[in-house]
Amino acid sequence: MSGEGEFRLDTAKRRRTLWVVLWLNLAIAIGFFAVGYLADSNALLANGLDNSSDALVYALSLLALARPRRWKRGAARFSGIMLLVFAAGVIIDAIRRFVDGSDPAGMMMLAMAAVAAVVNLVCLRLLQNMEGKDVNLRAATTFSFNDFISNGGIIIAAVIVMLTGANWPDLVVGIAVAGIAIYGGIDILRDAHMDGHDERGTVHGEERE
């Protein structure tokens with residue numbers, strides 16, 4: 001991990017990058033919600049919630065750029081908790097759709113996921129090219145990587161939905177997206193915890209954060 005002394009605050013470039021990914025995620029979230037509602041798709045709605053939480057995290061990252069390292073860890077922890085809450089909501093919605101039934105539109109799912117995959121790949125590349133990322137920017141990169149993987153799952157589910165007419169692929173991917181979010185949230189929280197030890201020069205287990 002990068003120490004505070006190694007972290008160069010090239011704020012103009014970092015802010016510009018974060019503003020770009022923030023607005024791209026807002027646009028994709030709106031698209032996911034609109035198409036997800038029309039397509040009756042849990043997977044699309046799940047990704048809409050995911051991208052909405054991402055946009056909030058990027059906003060927090062912008063606020064955190066010139067803040068103390070402890071503040072950055074707090075923002076990262078909030079990001080991780082947001083992912084876990086989002087995952088719980090997606091799983092509950094998937095269970096509801098399994099019980100009540102749903103009729104996802106495979107072609108709409110495929111088109112939306114393809115567009116989102118391109119946008120999320122752009123966001124991921126922009127974030128990966130930032131040097132000396134702090135704990136909060138590492139969290140933002142984790143979010144974009146999760147989004148890109150999720151889009152691939154939606155594309156696969158959409159093809160199966162079109163071939164079979166069943167709703168289970170949509171629900172499976174929705175729950176898988178939630179699983180990715182849980183993993184990402186735990187990873188972010190762990191990274192924030194270890195960053196605290198890194199700053200103090202202590203080892204995990206010696207003292208509490």
# chains A, B, ... in the order shown; residues from 1 in each chain; ligands from 1
$ closest_atom_pairs --of "range 81-151 of chain A" --to "range 22-35 of chain A" --cutoff "9 Å" --atoms "only C-alpha atoms" --output "Markdown table"
| residue | atom | partner | partner_atom | distance |
| --- | --- | --- | --- | --- |
| A:Met108 | CA | A:Val35 | CA | 7.0 |
| A:Met109 | CA | A:Val35 | CA | 7.6 |
| A:Met112 | CA | A:Phe32 | CA | 7.0 |
| A:Ala113 | CA | A:Phe32 | CA | 8.5 |
| A:Val115 | CA | A:Ile28 | CA | 8.6 |
| A:Ala116 | CA | A:Ile28 | CA | 6.3 |
| A:Val119 | CA | A:Leu24 | CA | 7.0 |
| A:Asn120 | CA | A:Asn25 | CA | 7.9 |
| A:Cys123 | CA | A:Leu24 | CA | 7.8 |
$ residues_around --residues "range 142-153 of chain A" --least-positions-apart "2" --cutoff "8 Å" --atoms "only C-alpha atoms" --output "ChimeraX atom specification"
/A:47,50-51,54,113-114,116-117,120-121,123-124,138-140,155-157,173,176-177,180-181,184,188
$ atom_distance --atom1 "CA of Pro169 in chain A" --atom2 "CA of Gly106 in chain A"
9.9 Å
$ closest_residue --among "A:Arg70, A:Val90, A:Tyr183, A:Phe98" --to "His197 in chain A" --atoms "only C-alpha atoms"
A:Arg70
$ residues_around --residues "Asn42 in chain A" --least-positions-apart "5" --cutoff "9 Å" --atoms "only C-alpha atoms" --output "ChimeraX atom specification"
/A:36-37,47,90,93-94,97,102,104,170-171,173-175
$ closest_residue --among "A:Ala158, A:Met130, A:Met107, A:Leu163" --to "Arg15 in chain A" --atoms "only C-alpha atoms"
A:Met130
